[in-house]
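Below is one structure, written out as structure tokens, with a few remarks after it.
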Amino acid sequence: MRRDTPPPRTGSSEAEVLRGFLDYLRNSVSAKVEDAPEPQVRTASVPSGTNLLGLLNHLTFVERATFLGERVTDWQATFHAAPADSVADVVTRYRQAVARANDVLDECADLGAPVPRPRSNGAAPSVRRALTHMIEETGRHAGHADILRELIDGATGR
């Protein structure tokens, strides 16, 4: 059982609040996966086929698409990690995607401006919208991860 971590204390600007909550959720969801046991971490515990490792794999693709402009042609496939991928591999890829996304965000002074993507796959969302979307997406899947992890070994908390 993990000790629950309260929401972050952030700076007072809109950007600091949004980024603080996003980083809090990112850390929460990766912590649910990083020490989860094999093979349960990739075993579906619900009829939809959702599994803990697949959720983090999916969030890696969402981070890269949202902040780096990478194209995803099959979103459903992102919910499954490759059989050869270890938990450490998926967690590392997720943290690398987050670090790259944060590098992009560090250059954004105007939340109303489009995300400056290195590659374009259409119109980029505003930084504000991208942050809000990632908070929603990560929070939603962090909730899924909470339930899946508890089903695996009883671990709760953030």
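Residues in the structure tokens are numbered from 1 in each chain, the chains being A, B, ... in the order shown, and ligands are numbered from 1 in the order shown.
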
Using only C-alpha atoms, what table do you get, as a Markdown table, when you list each residue of range 35-71 of chain A with an atom no more than 12 Å from range 103-110 of chain A, its nearest pair of atoms, and their distance in Å rounded to one decimal, rows by chain then rising number?
```
| residue | atom | partner | partner_atom | distance |
| --- | --- | --- | --- | --- |
| A:Glu63 | CA | A:Val104 | CA | 11.2 |
| A:Arg64 | CA | A:Val104 | CA | 10.8 |
| A:Thr66 | CA | A:Val104 | CA | 10.7 |
| A:Phe67 | CA | A:Val104 | CA | 7.0 |
| A:Leu68 | CA | A:Val104 | CA | 7.7 |
| A:Gly69 | CA | A:Val104 | CA | 10.9 |
```

Distance query Gly157 in chain A at most 12 Å, only C-alpha atoms, self and fewer than 6 positions along chain excluded, as a PyMOL selection string = chain A and resi 1-6+28-29+31-32+142-143+145-147+149-150

Those selected residues, please, written with N, CA, C and O atoms and delivered as a PDB file, in the first residue's frame.
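Printed below is selection01.pdb as written:
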```
ATOM      1  N   MET A   1       0.840  -1.179   0.000  1.00  0.00           N
ATOM      2  CA  MET A   1       0.000   0.000   0.000  1.00  0.00           C
ATOM      3  C   MET A   1       0.887   1.245   0.000  1.00  0.00           C
ATOM      4  O   MET A   1       1.810   1.360   0.771  1.00  0.00           O
ATOM      5  N   ARG A   2       0.576   2.157  -0.899  1.00  0.00           N
ATOM      6  CA  ARG A   2       1.309   3.411  -0.974  1.00  0.00           C
ATOM      7  C   ARG A   2       0.624   4.466  -0.130  1.00  0.00           C
ATOM      8  O   ARG A   2      -0.574   4.454   0.045  1.00  0.00           O
ATOM      9  N   ARG A   3       1.389   5.380   0.328  1.00  0.00           N
ATOM     10  CA  ARG A   3       0.838   6.550   1.010  1.00  0.00           C
ATOM     11  C   ARG A   3       0.281   7.483  -0.052  1.00  0.00           C
ATOM     12  O   ARG A   3       0.892   7.689  -1.094  1.00  0.00           O
ATOM     13  N   ASP A   4      -0.893   8.027   0.182  1.00  0.00           N
ATOM     14  CA  ASP A   4      -1.505   8.914  -0.794  1.00  0.00           C
ATOM     15  C   ASP A   4      -0.774  10.245  -0.814  1.00  0.00           C
ATOM     16  O   ASP A   4      -0.416  10.792   0.230  1.00  0.00           O
ATOM     17  N   THR A   5      -0.533  10.759  -1.994  1.00  0.00           N
ATOM     18  CA  THR A   5       0.141  12.031  -2.179  1.00  0.00           C
ATOM     19  C   THR A   5      -0.906  13.097  -2.499  1.00  0.00           C
ATOM     20  O   THR A   5      -1.691  12.910  -3.423  1.00  0.00           O
ATOM     21  N   PRO A   6      -0.947  14.184  -1.768  1.00  0.00           N
ATOM     22  CA  PRO A   6      -1.957  15.209  -2.036  1.00  0.00           C
ATOM     23  C   PRO A   6      -1.659  15.949  -3.341  1.00  0.00           C
ATOM     24  O   PRO A   6      -0.533  15.890  -3.853  1.00  0.00           O
ATOM     25  N   SER A  28       1.891  10.148 -10.912  1.00  0.00           N
ATOM     26  CA  SER A  28       0.965   9.192 -10.309  1.00  0.00           C
ATOM     27  C   SER A  28       0.787   7.962 -11.188  1.00  0.00           C
ATOM     28  O   SER A  28       0.836   6.828 -10.710  1.00  0.00           O
ATOM     29  N   VAL A  29       0.574   8.180 -12.475  1.00  0.00           N
ATOM     30  CA  VAL A  29       0.301   7.046 -13.363  1.00  0.00           C
ATOM     31  C   VAL A  29       1.561   6.209 -13.604  1.00  0.00           C
ATOM     32  O   VAL A  29       1.495   4.978 -13.624  1.00  0.00           O
ATOM     33  N   ALA A  31       3.997   5.809 -11.493  1.00  0.00           N
ATOM     34  CA  ALA A  31       4.265   5.087 -10.245  1.00  0.00           C
ATOM     35  C   ALA A  31       3.395   3.844 -10.118  1.00  0.00           C
ATOM     36  O   ALA A  31       3.823   2.840  -9.532  1.00  0.00           O
ATOM     37  N   LYS A  32       2.201   3.877 -10.667  1.00  0.00           N
ATOM     38  CA  LYS A  32       1.318   2.707 -10.631  1.00  0.00           C
ATOM     39  C   LYS A  32       1.890   1.553 -11.443  1.00  0.00           C
ATOM     40  O   LYS A  32       1.614   0.397 -11.174  1.00  0.00           O
ATOM     41  N   ALA A 142      -5.132   7.607 -15.237  1.00  0.00           N
ATOM     42  CA  ALA A 142      -4.599   7.382 -13.885  1.00  0.00           C
ATOM     43  C   ALA A 142      -5.667   6.721 -13.021  1.00  0.00           C
ATOM     44  O   ALA A 142      -5.358   5.839 -12.210  1.00  0.00           O
ATOM     45  N   GLY A 143      -6.918   7.119 -13.197  1.00  0.00           N
ATOM     46  CA  GLY A 143      -8.014   6.469 -12.476  1.00  0.00           C
ATOM     47  C   GLY A 143      -8.161   5.015 -12.868  1.00  0.00           C
ATOM     48  O   GLY A 143      -8.357   4.139 -12.013  1.00  0.00           O
ATOM     49  N   ALA A 145      -5.739   3.195 -13.994  1.00  0.00           N
ATOM     50  CA  ALA A 145      -4.546   2.533 -13.447  1.00  0.00           C
ATOM     51  C   ALA A 145      -4.713   2.240 -11.959  1.00  0.00           C
ATOM     52  O   ALA A 145      -4.276   1.188 -11.481  1.00  0.00           O
ATOM     53  N   ASP A 146      -5.346   3.155 -11.221  1.00  0.00           N
ATOM     54  CA  ASP A 146      -5.605   2.917  -9.793  1.00  0.00           C
ATOM     55  C   ASP A 146      -6.382   1.621  -9.606  1.00  0.00           C
ATOM     56  O   ASP A 146      -6.030   0.783  -8.768  1.00  0.00           O
ATOM     57  N   ILE A 147      -7.440   1.462 -10.378  1.00  0.00           N
ATOM     58  CA  ILE A 147      -8.293   0.279 -10.248  1.00  0.00           C
ATOM     59  C   ILE A 147      -7.557  -0.977 -10.692  1.00  0.00           C
ATOM     60  O   ILE A 147      -7.583  -2.007 -10.001  1.00  0.00           O
ATOM     61  N   ARG A 149      -4.340  -1.573 -10.828  1.00  0.00           N
ATOM     62  CA  ARG A 149      -3.266  -1.937  -9.897  1.00  0.00           C
ATOM     63  C   ARG A 149      -3.832  -2.567  -8.634  1.00  0.00           C
ATOM     64  O   ARG A 149      -3.287  -3.553  -8.122  1.00  0.00           O
ATOM     65  N   GLU A 150      -4.931  -2.039  -8.146  1.00  0.00           N
ATOM     66  CA  GLU A 150      -5.540  -2.635  -6.960  1.00  0.00           C
ATOM     67  C   GLU A 150      -6.007  -4.063  -7.246  1.00  0.00           C
ATOM     68  O   GLU A 150      -5.879  -4.946  -6.401  1.00  0.00           O
TER      69      GLU A 150
END
```

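For range 86-93 of chain A, the residues within 7 Å (counting only C-alpha atoms, excluding itself and residues fewer than 5 positions away along the chain) are Ser30, Glu34, Leu53, Asn57 and Thr60 of chain A.
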
Which residues in chain A does DSSP call alpha helix (DSSP H)? List them as a PyMOL selection string.
-> chain A and resi 14-34+52-68+87-106+127-153

Residue neighbourhood range 7-24 of chain A, 7 Å, only C-alpha atoms, exclusion window fewer than 3 positions, as a ChimeraX atom specification = /A:27-28,131,134-135

Using only C-alpha atoms, the residue out of A:Leu111, A:Ile152, A:Val127, A:Ala97 with shortest distance to Glu38 in chain A is A:Ile152

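Across A:Asp35, A:Trp75, A:Arg42, A:Leu56, the tightest approach to Thr138 in chain A is made by A:Leu56 when counting only C-alpha atoms.
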